[in-house]
Amino acid sequence: MGWTQQQLAARLGISRVAVSHIESDLSLPSERTITLLAGLFKMSPHQLVHMTTYPDAKAERLPTYTCAYTKLELQLALIENDLTWLQRCQHVGVSESEIARLKYELWDKWDPLLREWLEGYLDEDQKKYLDQARQVISVIGG
């Protein structure tokens with residue numbers, strides 16, 4: 001994913017040294033860490049440990065599913081969905097005045113939410129995605 005050990009550690013809520021020990025096979029990750037890693041890599045915990053040396057007894061206790069997307073990723077996907085819908089409206093002959101009204105509604109809906117995200121803690125990747133979304137939304141906002 002291109003993350004440093006420190007960035008991965010921050011996402012997992014563990015120390016950089018703990019990440020280093022896991023990578024070097026000096027320590028075994030907990031079920032919690034496996035579950036969080038699986039979510040980060042968009043896979044199930046069982047897929048993550050399949051064909052590894054992770055103990056079967058610990059693997060049996062892993063959840064079947066884990067959350068694979070952050071709230072920000074969900075919001076960005078919903079924005080993309082709204083923009084795709086707007087493009088479809090333009091291609092099926094919706095009037096320019098109606099398109100302008102729809103653009104305003106989307107701007108009015110998403111701009112405050114994106115501004116709110118800026119006030120929270122975001123890592124560099126999240127900031128990049130948020131900036132891209134704000135640029136796209138600013139184009140429709142006029």
# chains A, B, ... in the order shown; residues from 1 in each chain; ligands from 1
$ select_by_dssp --residues "region 19-114 of chain A" --states "helix (DSSP H, G or I)" --output "ChimeraX atom specification"
/A:19-23,31-40,45-49,56-59,71-91,96-114
$ write_last_selection --atoms "C-alpha atoms" --output "tab-separated table (two decimals), in the first residue's frame"
chain	number	residue	atom	x	y	z
A	19	VAL	CA	4.61	-3.55	13.25
A	20	SER	CA	8.32	-4.22	12.77
A	21	HIS	CA	8.15	-7.29	15.03
A	22	ILE	CA	5.14	-8.64	13.13
A	23	GLU	CA	6.85	-8.08	9.76
A	31	GLU	CA	-6.82	-11.37	16.55
A	32	ARG	CA	-7.63	-7.65	16.78
A	33	THR	CA	-4.59	-6.71	14.70
A	34	ILE	CA	-5.35	-9.41	12.11
A	35	THR	CA	-8.93	-8.16	11.86
A	36	LEU	CA	-7.82	-4.55	11.41
A	37	LEU	CA	-5.17	-5.53	8.86
A	38	ALA	CA	-7.74	-7.50	6.88
A	39	GLY	CA	-9.98	-4.44	6.79
A	40	LEU	CA	-7.14	-2.21	5.62
A	45	PRO	CA	-9.40	-12.05	8.28
A	46	HIS	CA	-9.44	-15.70	7.16
A	47	GLN	CA	-8.17	-14.76	3.70
A	48	LEU	CA	-5.34	-12.80	5.32
A	49	VAL	CA	-4.06	-15.72	7.40
A	56	ASP	CA	-5.28	-22.56	13.59
A	57	ALA	CA	-6.61	-22.15	17.13
A	58	LYS	CA	-6.29	-18.36	16.85
A	59	ALA	CA	-7.61	-18.32	13.28
A	71	LYS	CA	-16.59	6.45	6.65
A	72	LEU	CA	-14.65	8.88	4.47
A	73	GLU	CA	-14.27	6.27	1.72
A	74	LEU	CA	-18.02	5.66	1.86
A	75	GLN	CA	-18.76	9.39	1.59
A	76	LEU	CA	-16.39	9.75	-1.38
A	77	ALA	CA	-18.05	6.78	-3.11
A	78	LEU	CA	-21.46	8.37	-2.56
A	79	ILE	CA	-20.21	11.64	-4.07
A	80	GLU	CA	-18.93	9.73	-7.09
A	81	ASN	CA	-22.31	8.02	-7.39
A	82	ASP	CA	-24.13	11.38	-7.28
A	83	LEU	CA	-21.83	12.85	-9.93
A	84	THR	CA	-22.33	9.82	-12.20
A	85	TRP	CA	-26.08	10.24	-11.80
A	86	LEU	CA	-25.77	13.94	-12.69
A	87	GLN	CA	-23.83	13.05	-15.86
A	88	ARG	CA	-26.53	10.57	-16.85
A	89	CYS	CA	-29.14	13.29	-16.41
A	90	GLN	CA	-27.18	15.50	-18.80
A	91	HIS	CA	-27.02	12.73	-21.42
A	96	GLU	CA	-30.24	22.97	-18.56
A	97	SER	CA	-32.25	24.72	-15.86
A	98	GLU	CA	-33.00	21.39	-14.17
A	99	ILE	CA	-29.31	20.39	-14.44
A	100	ALA	CA	-28.35	23.71	-12.83
A	101	ARG	CA	-30.82	23.07	-10.00
A	102	LEU	CA	-29.47	19.54	-9.50
A	103	LYS	CA	-25.88	20.84	-9.43
A	104	TYR	CA	-26.86	23.36	-6.78
A	105	GLU	CA	-28.52	20.64	-4.70
A	106	LEU	CA	-25.41	18.45	-4.91
A	107	TRP	CA	-23.18	21.38	-4.00
A	108	ASP	CA	-25.45	22.28	-1.11
A	109	LYS	CA	-25.42	18.66	0.10
A	110	TRP	CA	-21.72	17.82	-0.22
A	111	ASP	CA	-19.75	21.02	0.33
A	112	PRO	CA	-20.62	21.32	4.07
A	113	LEU	CA	-19.84	17.64	4.64
A	114	LEU	CA	-16.47	17.90	2.92
$ atom_distance --atom1 "CA of Asp131 (chain A)" --atom2 "CA of Leu8 (chain A)"
21.7 Å
$ closest_residue --among "A:Leu122, A:Thr70, A:Arg134, A:Ala18" --to "Gln5 (chain A)" --atoms "only C-alpha atoms"
A:Ala18
$ atom_distance --atom1 "CA of Asp123 (chain A)" --atom2 "CA of Gln7 (chain A)"
8.3 Å
$ closest_residue --among "A:Ser15, A:Tyr121, A:Phe41, A:Gln132" --to "Met1 (chain A)" --atoms "only C-alpha atoms"
A:Phe41
$ closest_residue --among "A:Leu130, A:Val94, A:Leu28, A:Ala68" --to "Thr52 (chain A)" --atoms "only C-alpha atoms"
A:Leu28
$ atom_distance --atom1 "CA of Gln126 (chain A)" --atom2 "CA of Ala10 (chain A)"
13.4 Å
